[in-house]
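Next up, target-v2.txt (compact mmCIF, C-alpha atoms):
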# COMPACT_ATOMS: atom_id res chain seq x y z
CA MET A 1 -50.15 -20.62 -8.99
CA ALA A 2 -49.31 -24.09 -7.70
CA ALA A 3 -48.83 -25.31 -11.28
CA ASP A 4 -46.42 -22.44 -12.02
CA ILE A 5 -44.39 -23.20 -8.89
CA GLN A 6 -44.28 -26.89 -9.82
CA SER A 7 -43.11 -26.02 -13.33
CA THR A 8 -40.25 -24.02 -11.83
CA PHE A 9 -39.25 -27.03 -9.75
CA ASP A 10 -39.47 -29.17 -12.89
CA ALA A 11 -37.14 -26.77 -14.73
CA TRP A 12 -34.40 -27.42 -12.15
CA GLU A 13 -31.61 -29.75 -13.19
CA PRO A 14 -29.14 -30.92 -10.56
CA SER A 15 -25.50 -29.97 -11.09
CA TRP A 16 -23.58 -33.16 -10.46
CA PHE A 17 -20.27 -31.32 -10.83
CA LEU A 18 -21.17 -28.80 -8.12
CA SER A 19 -22.60 -31.49 -5.85
CA THR A 20 -19.47 -33.61 -6.26
CA MET A 21 -17.15 -30.67 -5.57
CA VAL A 22 -19.11 -29.68 -2.45
CA VAL A 23 -18.96 -33.23 -1.09
CA LEU A 24 -15.25 -33.67 -1.92
CA THR A 25 -14.34 -30.29 -0.40
CA SER A 26 -16.25 -31.18 2.76
CA ILE A 27 -14.48 -34.54 3.00
CA VAL A 28 -11.05 -32.97 2.46
CA TYR A 29 -11.73 -30.34 5.12
CA PHE A 30 -13.05 -32.92 7.59
CA ARG A 31 -9.99 -35.12 7.04
CA GLY A 32 -7.65 -32.18 7.60
CA TRP A 33 -9.66 -30.94 10.59
CA LEU A 34 -9.34 -34.33 12.29
CA ALA A 35 -5.59 -34.31 11.69
CA ILE A 36 -4.87 -30.81 12.97
CA ARG A 37 -7.31 -31.06 15.86
CA ARG A 38 -4.97 -33.60 17.49
CA THR A 39 -2.31 -30.92 17.98
CA ARG A 40 -4.39 -27.72 18.06
CA PRO A 41 -7.73 -28.56 19.69
CA ALA A 42 -8.19 -25.01 21.02
CA GLN A 43 -7.95 -23.50 17.52
CA PHE A 44 -10.19 -26.10 15.92
CA PRO A 45 -13.20 -26.74 18.15
CA THR A 46 -16.18 -28.58 16.77
CA TRP A 47 -18.06 -25.39 15.94
CA ARG A 48 -15.45 -24.53 13.29
CA LEU A 49 -16.12 -27.86 11.58
CA TRP A 50 -19.86 -27.19 11.58
CA SER A 51 -19.31 -23.65 10.34
CA PHE A 52 -17.40 -24.87 7.29
CA LEU A 53 -19.85 -27.69 6.57
CA LEU A 54 -22.76 -25.25 6.85
CA ALA A 55 -20.99 -23.00 4.35
CA MET A 56 -20.77 -25.91 1.91
CA ALA A 57 -24.44 -26.78 2.45
CA THR A 58 -25.45 -23.14 1.91
CA LEU A 59 -23.37 -22.99 -1.26
CA TRP A 60 -25.17 -26.03 -2.62
CA PHE A 61 -28.56 -24.64 -1.61
CA ALA A 62 -27.86 -21.31 -3.32
CA ILE A 63 -26.75 -22.57 -6.73
CA GLY A 64 -27.25 -26.34 -6.78
CA SER A 65 -30.78 -26.76 -5.42
CA PRO A 66 -34.17 -25.76 -6.91
CA MET A 67 -33.40 -22.32 -5.45
CA ASP A 68 -31.35 -21.71 -8.59
CA ALA A 69 -34.39 -22.35 -10.80
CA PHE A 70 -36.40 -19.77 -8.88
CA ALA A 71 -33.47 -17.34 -9.15
CA ASP A 72 -33.67 -17.69 -12.94
CA ALA A 73 -37.36 -16.72 -12.89
CA MET A 74 -37.49 -14.10 -10.11
CA LEU A 75 -35.24 -11.15 -9.37
CA SER A 76 -36.11 -11.39 -5.66
CA ALA A 77 -34.95 -15.03 -5.54
CA HIS A 78 -31.83 -14.05 -7.47
CA MET A 79 -31.02 -11.43 -4.81
CA ILE A 80 -31.40 -14.05 -2.08
CA GLU A 81 -29.02 -16.26 -4.05
CA HIS A 82 -26.50 -13.41 -4.28
CA LEU A 83 -26.78 -12.69 -0.56
CA LEU A 84 -26.08 -16.31 0.27
CA LEU A 85 -23.07 -16.40 -2.05
CA MET A 86 -21.61 -13.09 -0.89
CA SER A 87 -22.60 -12.67 2.76
CA VAL A 88 -23.30 -16.14 4.19
CA VAL A 89 -21.02 -18.69 2.53
CA PRO A 90 -17.72 -16.72 2.76
CA PRO A 91 -17.91 -15.78 6.48
CA LEU A 92 -19.02 -19.28 7.47
CA ALA A 93 -16.24 -20.88 5.43
CA LEU A 94 -13.57 -18.52 6.79
CA LEU A 95 -14.72 -19.06 10.38
CA GLY A 96 -13.75 -22.68 9.85
CA ASN A 97 -10.06 -21.65 9.54
CA PRO A 98 -10.04 -23.53 6.24
CA THR A 99 -6.50 -22.99 4.93
CA VAL A 100 -4.57 -25.59 6.91
CA PRO A 101 -7.34 -28.24 7.18
CA LEU A 102 -7.90 -28.14 3.41
CA LEU A 103 -4.18 -28.51 2.75
CA ARG A 104 -3.71 -31.28 5.28
CA GLY A 105 -6.79 -33.08 4.03
CA LEU A 106 -5.44 -33.43 0.50
CA PRO A 107 -3.50 -36.50 -0.63
CA ARG A 108 0.22 -35.92 -0.10
CA PRO A 109 1.21 -36.21 -3.79
CA VAL A 110 -1.29 -33.46 -4.69
CA LEU A 111 0.04 -31.22 -1.93
CA ARG A 112 3.70 -31.92 -2.66
CA TYR A 113 3.82 -31.82 -6.44
CA MET A 114 0.89 -29.59 -7.44
CA LEU A 115 0.16 -27.11 -4.66
CA GLY A 116 3.57 -27.07 -3.00
CA PRO A 117 5.33 -25.08 -5.75
CA LEU A 118 2.47 -22.56 -5.80
CA LEU A 119 2.53 -22.11 -2.03
CA ARG A 120 6.29 -21.48 -2.12
CA ASN A 121 6.02 -18.95 -4.93
CA ARG A 122 6.92 -15.60 -3.36
CA PRO A 123 5.35 -13.32 -6.02
CA LEU A 124 2.09 -15.24 -5.71
CA ARG A 125 2.16 -15.00 -1.91
CA SER A 126 2.88 -11.27 -2.10
CA PHE A 127 -0.02 -10.85 -4.52
CA THR A 128 -2.46 -12.64 -2.20
CA HIS A 129 -1.33 -10.50 0.75
CA TRP A 130 -1.85 -7.37 -1.37
CA LEU A 131 -5.26 -8.61 -2.50
CA THR A 132 -6.52 -8.87 1.08
CA ARG A 133 -5.54 -5.35 2.10
CA LEU A 134 -8.58 -3.34 3.14
CA ARG A 135 -8.60 -0.88 0.25
CA VAL A 136 -7.92 -3.51 -2.39
CA ALA A 137 -10.42 -6.04 -1.01
CA TRP A 138 -13.09 -3.32 -0.73
CA LEU A 139 -12.60 -2.26 -4.35
CA VAL A 140 -12.55 -5.83 -5.68
CA MET A 141 -15.80 -6.82 -4.00
CA ASN A 142 -17.76 -3.64 -4.66
CA LEU A 143 -16.67 -3.19 -8.26
CA ILE A 144 -17.63 -6.79 -9.07
CA PHE A 145 -20.90 -6.37 -7.15
CA LEU A 146 -21.86 -3.25 -9.11
CA ALA A 147 -20.57 -4.47 -12.48
CA TRP A 148 -22.72 -7.62 -12.46
CA HIS A 149 -25.82 -5.57 -11.59
CA VAL A 150 -25.50 -3.43 -14.70
CA PRO A 151 -28.60 -4.45 -16.73
CA GLY A 152 -26.63 -5.63 -19.77
CA ALA A 153 -24.27 -7.83 -17.74
CA TYR A 154 -27.06 -9.10 -15.47
CA ASP A 155 -29.29 -10.16 -18.35
CA TYR A 156 -26.42 -11.62 -20.35
CA ALA A 157 -25.45 -13.88 -17.43
CA LEU A 158 -29.02 -15.16 -17.09
CA GLU A 159 -29.26 -15.84 -20.83
CA HIS A 160 -25.91 -17.69 -21.03
CA GLU A 161 -25.35 -20.45 -18.49
CA ASN A 162 -21.55 -20.43 -18.66
CA TRP A 163 -21.47 -16.70 -17.95
CA HIS A 164 -23.95 -17.25 -15.12
CA ILE A 165 -21.54 -19.75 -13.57
CA PHE A 166 -18.70 -17.25 -14.03
CA GLU A 167 -20.83 -14.58 -12.32
CA HIS A 168 -21.29 -16.85 -9.32
CA MET A 169 -17.55 -17.54 -9.21
CA CYS A 170 -16.87 -13.79 -9.28
CA PHE A 171 -19.29 -13.13 -6.41
CA LEU A 172 -17.93 -15.96 -4.28
CA SER A 173 -14.23 -15.26 -4.82
CA ALA A 174 -14.59 -11.48 -4.42
CA SER A 175 -16.55 -11.95 -1.20
CA LEU A 176 -13.97 -14.36 0.20
CA ILE A 177 -11.39 -11.65 -0.43
CA PHE A 178 -13.65 -9.05 1.20
CA TRP A 179 -14.34 -11.04 4.37
CA TRP A 180 -10.77 -12.30 4.78
CA PRO A 181 -9.38 -9.16 6.52
CA ILE A 182 -12.45 -9.11 8.80
CA ILE A 183 -12.33 -12.73 9.99
CA ARG A 184 -8.58 -13.28 9.43
CA PRO A 185 -8.63 -17.08 9.62
CA TRP A 186 -5.63 -18.77 11.18
CA PRO A 187 -2.72 -18.73 10.32
CA SER A 188 -3.33 -15.15 9.12
CA SER A 189 -2.03 -12.32 11.26
CA SER A 190 -4.12 -11.73 14.39
CA ARG A 191 -3.55 -7.99 14.68
CA PHE A 192 -6.03 -5.92 16.66
CA TYR A 193 -8.93 -4.40 14.77
CA SER A 194 -8.75 -0.71 13.90
CA TRP A 195 -11.39 1.91 13.24
CA GLY A 196 -10.56 1.55 9.56
CA VAL A 197 -12.36 -1.80 9.60
CA ILE A 198 -15.55 -0.05 10.72
CA LEU A 199 -15.25 2.37 7.80
CA TYR A 200 -14.56 -0.61 5.53
CA LEU A 201 -17.85 -2.28 6.50
CA LEU A 202 -19.99 0.85 6.65
CA SER A 203 -18.81 2.14 3.28
CA ALA A 204 -19.56 -1.25 1.73
CA ASP A 205 -23.06 -0.95 3.19
CA VAL A 206 -23.39 2.47 1.54
CA VAL A 207 -22.75 0.84 -1.85
CA ASN A 208 -25.28 -1.90 -1.13
CA THR A 209 -27.83 0.65 0.11
CA GLY A 210 -27.33 2.88 -2.93
CA LEU A 211 -27.98 0.09 -5.42
CA SER A 212 -30.89 -1.28 -3.38
CA ALA A 213 -32.52 2.15 -3.09
CA PHE A 214 -32.14 2.75 -6.81
CA LEU A 215 -33.86 -0.54 -7.65
CA ALA A 216 -36.55 -0.02 -4.99
CA PHE A 217 -37.56 3.48 -6.08
CA CYS A 218 -37.06 3.07 -9.82
CA THR A 219 -40.38 3.44 -11.63
CA ARG A 220 -39.67 0.82 -14.29
CA PRO A 221 -38.16 -2.68 -14.40
CA MET A 222 -34.40 -2.43 -14.90
CA TYR A 223 -33.79 -5.94 -16.21
CA PRO A 224 -35.60 -6.78 -19.50
CA TYR A 225 -34.94 -10.50 -18.94
CA TYR A 226 -37.75 -10.69 -16.38
CA LEU A 227 -40.25 -9.08 -18.76
CA THR A 228 -40.41 -12.30 -20.76
CA GLU A 229 -39.99 -14.85 -17.96
CA PRO A 230 -43.20 -16.07 -16.24
CA ASN A 231 -43.13 -15.33 -12.53
CA PRO A 232 -44.14 -18.44 -10.54
CA PHE A 233 -45.82 -16.27 -7.88
CA HIS A 234 -47.48 -14.00 -10.47
CA LEU A 235 -45.65 -10.88 -9.31
CA THR A 236 -45.25 -8.11 -11.85
CA PRO A 237 -41.63 -7.45 -12.89
CA LEU A 238 -41.67 -4.11 -11.04
CA ALA A 239 -43.13 -5.62 -7.85
CA ASP A 240 -40.55 -8.42 -8.00
CA GLN A 241 -37.79 -5.84 -8.45
CA VAL A 242 -38.97 -3.85 -5.42
CA LEU A 243 -39.15 -7.02 -3.32
CA GLY A 244 -35.65 -8.02 -4.39
CA ALA A 245 -34.32 -4.54 -3.61
CA VAL A 246 -35.87 -4.58 -0.14
CA ILE A 247 -34.36 -8.00 0.60
CA MET A 248 -30.96 -6.81 -0.57
CA TRP A 249 -31.30 -3.53 1.35
CA VAL A 250 -32.45 -4.92 4.70
CA MET A 251 -30.66 -8.27 4.83
CA GLY A 252 -27.57 -7.04 3.02
CA SER A 253 -27.17 -4.15 5.46
CA LEU A 254 -27.45 -6.48 8.44
CA PHE A 255 -24.52 -8.54 7.20
CA PHE A 256 -22.39 -5.38 7.25
CA LEU A 257 -23.80 -3.63 10.31
CA VAL A 258 -23.79 -6.56 12.74
CA PRO A 259 -20.04 -7.23 12.34
CA ALA A 260 -19.42 -3.46 12.48
CA MET A 261 -21.27 -3.27 15.81
CA TYR A 262 -19.38 -6.28 17.17
CA ILE A 263 -15.99 -4.83 16.23
CA THR A 264 -16.97 -1.41 17.62
CA LEU A 265 -17.80 -3.02 20.97
CA LYS A 266 -14.41 -4.74 20.95
CA LEU A 267 -12.69 -1.43 20.26
CA ILE A 268 -14.41 0.38 23.12
CA LYS A 269 -14.48 -2.47 25.62
CA PRO A 270 -14.35 -1.45 29.30
CA GLU A 271 -10.67 -2.36 29.76
CA ARG A 272 -9.62 0.20 27.19
CA ILE A 273 -11.97 2.81 28.57
CA ARG A 274 -10.51 2.33 32.06
CA SER A 275 -6.92 2.49 30.74
CA HIS A 276 -7.61 5.74 28.91
CA TYR A 277 -9.34 7.17 31.99
CA SER A 278 -6.35 6.29 34.18
CA GLU A 279 -3.97 7.95 31.71
CA TYR A 280 -5.93 11.20 31.70
CA SER A 281 -6.38 11.24 35.49
CA ALA A 282 -2.65 10.66 36.14

Spell out the structure here as C-alpha cells.
Amino acid sequence: MAADIQSTFDAWEPSWFLSTMVVLTSIVYFRGWLAIRRTRPAQFPTWRLWSFLLAMATLWFAIGSPMDAFADAMLSAHMIEHLLLMSVVPPLALLGNPTVPLLRGLPRPVLRYMLGPLLRNRPLRSFTHWLTRLRVAWLVMNLIFLAWHVPGAYDYALEHENWHIFEHMCFLSASLIFWWPIIRPWPSSSRFYSWGVILYLLSADVVNTGLSAFLAFCTRPMYPYYLTEPNPFHLTPLADQVLGAVIMWVMGSLFFLVPAMYITLKLIKPERIRSHYSEYSA
C-alpha cells in the first residue's frame, strides 16, 4: 500500500500558475488591507486578514497540492476537494471583506483603466446584484453542483484536464455567489437576516443530502472512471463511493446547518422575545 500511496504523490505535478495567482492575490489583499485598516480598523481587524489568507491556503491545498492527485484516483478524496472549494474557501474569503482591499491593493493604472470602467457599468452592477438574490444564488449553486455530479460530466472532467479546471472554477464561483447573501461582506447591504435565509440553507442541505444518500445506498459504482484507476488505499470502487458519499453527507450538511443554527439564534435572541412579549402583554 505504501508504494501505491507514493506513486500517487509522484503523479502530482505542481501548478505554477495556480501557486502564482494565490500568492499574488494574497499580496494584493494584504496591501489593500493595510491601506484601508488605517481608516476603518473596526471593520478590518486582524482576524479578517487571517480569514482571507486561510482561504487562499485552503484553495491551494485543495487543487494545487498532492491532494489533487489523490482526488484524481479516489472519489472520496474528490469529495473532500469539492467540499473545500464549495464550503470552506468561499466563506473564509468573504469573511475577509475582500472587495475593497482587493481593489485598493491593485496598482492604480490597473484599477483606473481596466477595472474602473467595469465597476461603473450599471448593467453589470445590476446583473451582479440580481445574481446574489437568494433564489438566483440558490439555483446557480445547486444546479452547477448537481450537473457536475452527473456521471458523464464527472468522468469527462476527470479525463480532460482543461474541463477539470473549468469544473473547479464553476464550483468556486457558484459557491461564492451562494455564500455572498449569507455573509454579505462590506460594503454590501447589512440588512437583518430573515427566515428566508434559514430556508435557503436548509433546502440547499436537502439537495446535498439527496445526492449523498443516492451515492451511499446505490448498489453499484456510479462513475466508470474509478473502475480503471488504481486506488492507493486499495478500496473497491463501491466502498470508495460510499465513503465519499458519507463525507459529503455529514460534513456537507454541517456547513449548511451550523450557519442556519447561528442565524436562527440571532432571529430569536432574547431582546426580540422580550419585545414581542411586551407587545402582547400591553

Next item on the list: Please provide the set of residues having any atom within 8 Å of Phe70 in chain A, restricted to only C-alpha atoms, with same-chain residues fewer than 5 positions apart removed, written as a ChimeraX atom specification.
Entry: /A:8-9,77-78

Item checked: Using only C-alpha atoms: which of A:Phe61, A:Phe233, A:Ala260, A:Tyr226 has the shortest distance to Leu158 in chain A ->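 That would be A:Tyr226, the residue with the smallest distance to Leu158 in chain A.
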
Checklist line | Residue with smallest distance to Glu229 in chain A - pool A:Asp4, A:Glu167, A:Glu81, A:Asp205, counting only C-alpha atoms | finding: A:Asp4

Next item on the list: Write out as a PyMOL selection string each polymer residue whose atoms come within 6 Å of range 38-55 of chain A, counting only C-alpha atoms; drop sequence neighbours fewer than 2 positions from it.
Entry: chain A and resi 35-36+57-58+89+92-93+96

Report as JSON the centre and the edge lengths, in Å to one decimal, of the axis-aligned box holding every listed atom of range 149-168 of chain A, padded by 6 Å on each side.
{"center_x": -24.0, "center_y": -11.9, "center_z": -15.2, "size_x": 22.6, "size_y": 29.0, "size_z": 23.7}

Please report as a tab-separated table every residue of range 25-93 of chain A lying within 7 Å of range 104-120 of chain A, along with the nearest atom pair and their distance in Å (one decimal), using all atoms listed in the file.
residue	atom	partner	partner_atom	distance
A:Val28	CA	A:Gly105	CA	4.5
A:Tyr29	CA	A:Gly105	CA	5.8
A:Arg31	CA	A:Gly105	CA	4.8
A:Gly32	CA	A:Gly105	CA	3.8

Checklist line | Atomic separation - CA of Leu24 in chain A relative to CA of Ser65 in chain A, Å | finding: 17.4 Å

Check: Closest to Ser76 in chain A among A:Leu211, A:Ile27, A:Ile63, A:Val246, using only C-alpha atoms?
Finding: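 Result for the nearest residue to Ser76 in chain A: A:Val246.
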
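The spacing separating CA of Leu102 in chain A from CA of Thr20 in chain A amounts to 16.0 Å.
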
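Near Trp148 in chain A, within 10 Å and counting all atoms listed in the file, sit Leu143, Ile144, Gly152, Ala153, Tyr154, Asp155, Tyr156, Ala157, Glu167, His168, Cys170 and Phe171 of chain A; same-chain residues fewer than 4 positions away were not included.
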
Using C-alpha atoms, can you write the selected residues to a file as a PDB file, in the frame of the given file?
ATOM      1  CA  LEU A 143     -16.670  -3.190  -8.260  1.00  0.00           C
ATOM      2  CA  ILE A 144     -17.630  -6.790  -9.070  1.00  0.00           C
ATOM      3  CA  GLY A 152     -26.630  -5.630 -19.770  1.00  0.00           C
ATOM      4  CA  ALA A 153     -24.270  -7.830 -17.740  1.00  0.00           C
ATOM      5  CA  TYR A 154     -27.060  -9.100 -15.470  1.00  0.00           C
ATOM      6  CA  ASP A 155     -29.290 -10.160 -18.350  1.00  0.00           C
ATOM      7  CA  TYR A 156     -26.420 -11.620 -20.350  1.00  0.00           C
ATOM      8  CA  ALA A 157     -25.450 -13.880 -17.430  1.00  0.00           C
ATOM      9  CA  GLU A 167     -20.830 -14.580 -12.320  1.00  0.00           C
ATOM     10  CA  HIS A 168     -21.290 -16.850  -9.320  1.00  0.00           C
ATOM     11  CA  CYS A 170     -16.870 -13.790  -9.280  1.00  0.00           C
ATOM     12  CA  PHE A 171     -19.290 -13.130  -6.410  1.00  0.00           C
TER      13      PHE A 171
END

Note to self: Restricting the calculation to all atoms listed in the file: of A:Trp33, A:His82, A:Asn162, A:Trp138, which residue gets closest to Leu103 in chain A?
What the structure shows: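 Between A:Trp33, A:His82, A:Asn162, A:Trp138, the residue approaching Leu103 in chain A most closely is A:Trp33.
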
Notebook entry, point to check: Which residue out of A:Leu139, A:Ile247, A:Ala216, A:Ser19 has the minimum interatomic distance to Ala62 in chain A when only C-alpha atoms are used?
Noted result: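 Looking at the shortest contact to Ala62 in chain A, the residue is A:Ser19.
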
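Considering all atoms listed in the file, the residue among A:Leu34, A:Met74, A:Ala137, A:Ile183 positioned nearest to Leu227 in chain A is A:Met74.
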
Check: Suppose you want the space between CA of Val150 in chain A and CA of Leu131 in chain A; what is it in Å?
Finding: 24.2 Å

Note to self: Which residues are close to range 198-201 of chain A, i.e. within 10 Å by all atoms listed in the file, leaving aside same-chain residues fewer than 6 positions away? Reply as a PyMOL selection string.
What the structure shows: chain A and resi 134-135+137-138+178-179+182+253+255-264

Generate the coordinates of all heavy atoms for range 33-44 of chain A; report them as a short mmCIF file (atom, residue, chain, number, x, y, z; two decimals), in the coordinates of the input.
data_model
loop_
_atom_site.label_atom_id
_atom_site.label_comp_id
_atom_site.auth_asym_id
_atom_site.auth_seq_id
_atom_site.Cartn_x
_atom_site.Cartn_y
_atom_site.Cartn_z
N TRP A 33 -9.25 -31.42 9.26
CA TRP A 33 -9.66 -30.94 10.59
C TRP A 33 -9.37 -32.00 11.65
O TRP A 33 -8.88 -31.68 12.74
CB TRP A 33 -11.15 -30.61 10.56
CG TRP A 33 -11.71 -30.13 11.87
CD1 TRP A 33 -11.69 -28.85 12.36
CD2 TRP A 33 -12.38 -30.93 12.86
NE1 TRP A 33 -12.31 -28.80 13.59
CE2 TRP A 33 -12.74 -30.06 13.92
CE3 TRP A 33 -12.72 -32.28 12.94
CZ2 TRP A 33 -13.42 -30.51 15.05
CZ3 TRP A 33 -13.40 -32.73 14.07
CH2 TRP A 33 -13.73 -31.86 15.11
N LEU A 34 -9.64 -33.25 11.34
CA LEU A 34 -9.34 -34.33 12.29
C LEU A 34 -7.84 -34.40 12.57
O LEU A 34 -7.42 -34.62 13.72
CB LEU A 34 -9.82 -35.67 11.73
CG LEU A 34 -11.33 -35.93 11.75
CD1 LEU A 34 -11.64 -37.25 11.06
CD2 LEU A 34 -11.89 -35.92 13.17
N ALA A 35 -7.04 -34.21 11.52
CA ALA A 35 -5.59 -34.31 11.69
C ALA A 35 -5.03 -33.18 12.54
O ALA A 35 -4.25 -33.41 13.46
CB ALA A 35 -4.91 -34.34 10.32
N ILE A 36 -5.45 -31.95 12.25
CA ILE A 36 -4.87 -30.81 12.97
C ILE A 36 -5.48 -30.65 14.35
O ILE A 36 -4.87 -30.07 15.25
CB ILE A 36 -5.02 -29.52 12.14
CG1 ILE A 36 -4.07 -28.45 12.68
CG2 ILE A 36 -6.47 -29.01 12.16
CD1 ILE A 36 -3.98 -27.23 11.79
N ARG A 37 -6.67 -31.17 14.55
CA ARG A 37 -7.31 -31.06 15.86
C ARG A 37 -6.52 -31.83 16.93
O ARG A 37 -6.59 -31.49 18.12
CB ARG A 37 -8.74 -31.58 15.78
CG ARG A 37 -9.53 -31.47 17.08
CD ARG A 37 -10.95 -31.91 16.85
NE ARG A 37 -11.64 -32.17 18.09
CZ ARG A 37 -12.20 -31.24 18.86
NH1 ARG A 37 -12.12 -29.96 18.50
NH2 ARG A 37 -12.83 -31.57 19.98
N ARG A 38 -5.76 -32.83 16.52
CA ARG A 38 -4.97 -33.60 17.49
C ARG A 38 -3.91 -32.73 18.16
O ARG A 38 -3.56 -32.96 19.32
CB ARG A 38 -4.30 -34.77 16.78
CG ARG A 38 -5.27 -35.78 16.18
CD ARG A 38 -4.54 -37.04 15.74
NE ARG A 38 -5.43 -37.90 14.97
CZ ARG A 38 -5.40 -38.02 13.65
NH1 ARG A 38 -4.51 -37.33 12.95
NH2 ARG A 38 -6.23 -38.83 13.02
N THR A 39 -3.37 -31.76 17.42
CA THR A 39 -2.31 -30.92 17.98
C THR A 39 -2.79 -29.52 18.35
O THR A 39 -2.14 -28.85 19.16
CB THR A 39 -1.15 -30.79 16.97
OG1 THR A 39 -1.66 -30.29 15.72
CG2 THR A 39 -0.50 -32.14 16.74
N ARG A 40 -3.87 -29.07 17.78
CA ARG A 40 -4.39 -27.72 18.06
C ARG A 40 -5.89 -27.76 18.36
O ARG A 40 -6.69 -27.16 17.65
CB ARG A 40 -4.12 -26.78 16.88
CG ARG A 40 -2.63 -26.52 16.65
CD ARG A 40 -2.42 -25.58 15.47
NE ARG A 40 -1.02 -25.28 15.28
CZ ARG A 40 -0.38 -24.26 15.85
NH1 ARG A 40 -1.06 -23.43 16.63
NH2 ARG A 40 0.89 -24.04 15.62
N PRO A 41 -6.29 -28.44 19.39
CA PRO A 41 -7.73 -28.56 19.69
C PRO A 41 -8.38 -27.22 20.05
O PRO A 41 -9.56 -27.02 19.76
CB PRO A 41 -7.77 -29.53 20.88
CG PRO A 41 -6.42 -29.42 21.50
CD PRO A 41 -5.47 -29.18 20.37
N ALA A 42 -7.62 -26.30 20.64
CA ALA A 42 -8.19 -25.01 21.02
C ALA A 42 -8.51 -24.17 19.80
O ALA A 42 -9.48 -23.39 19.82
CB ALA A 42 -7.24 -24.26 21.95
N GLN A 43 -7.72 -24.29 18.74
CA GLN A 43 -7.95 -23.50 17.52
C GLN A 43 -8.96 -24.13 16.60
O GLN A 43 -9.47 -23.47 15.69
CB GLN A 43 -6.63 -23.29 16.78
CG GLN A 43 -5.71 -22.27 17.45
CD GLN A 43 -4.41 -22.15 16.71
OE1 GLN A 43 -3.71 -23.13 16.49
NE2 GLN A 43 -4.06 -20.95 16.30
N PHE A 44 -9.26 -25.41 16.81
CA PHE A 44 -10.19 -26.10 15.92
C PHE A 44 -11.24 -26.85 16.71
O PHE A 44 -11.33 -28.08 16.67
CB PHE A 44 -9.42 -27.05 14.98
CG PHE A 44 -8.63 -26.32 13.94
CD1 PHE A 44 -7.32 -25.95 14.19
CD2 PHE A 44 -9.21 -25.98 12.73
CE1 PHE A 44 -6.59 -25.24 13.24
CE2 PHE A 44 -8.49 -25.28 11.77
CZ PHE A 44 -7.18 -24.91 12.03
#
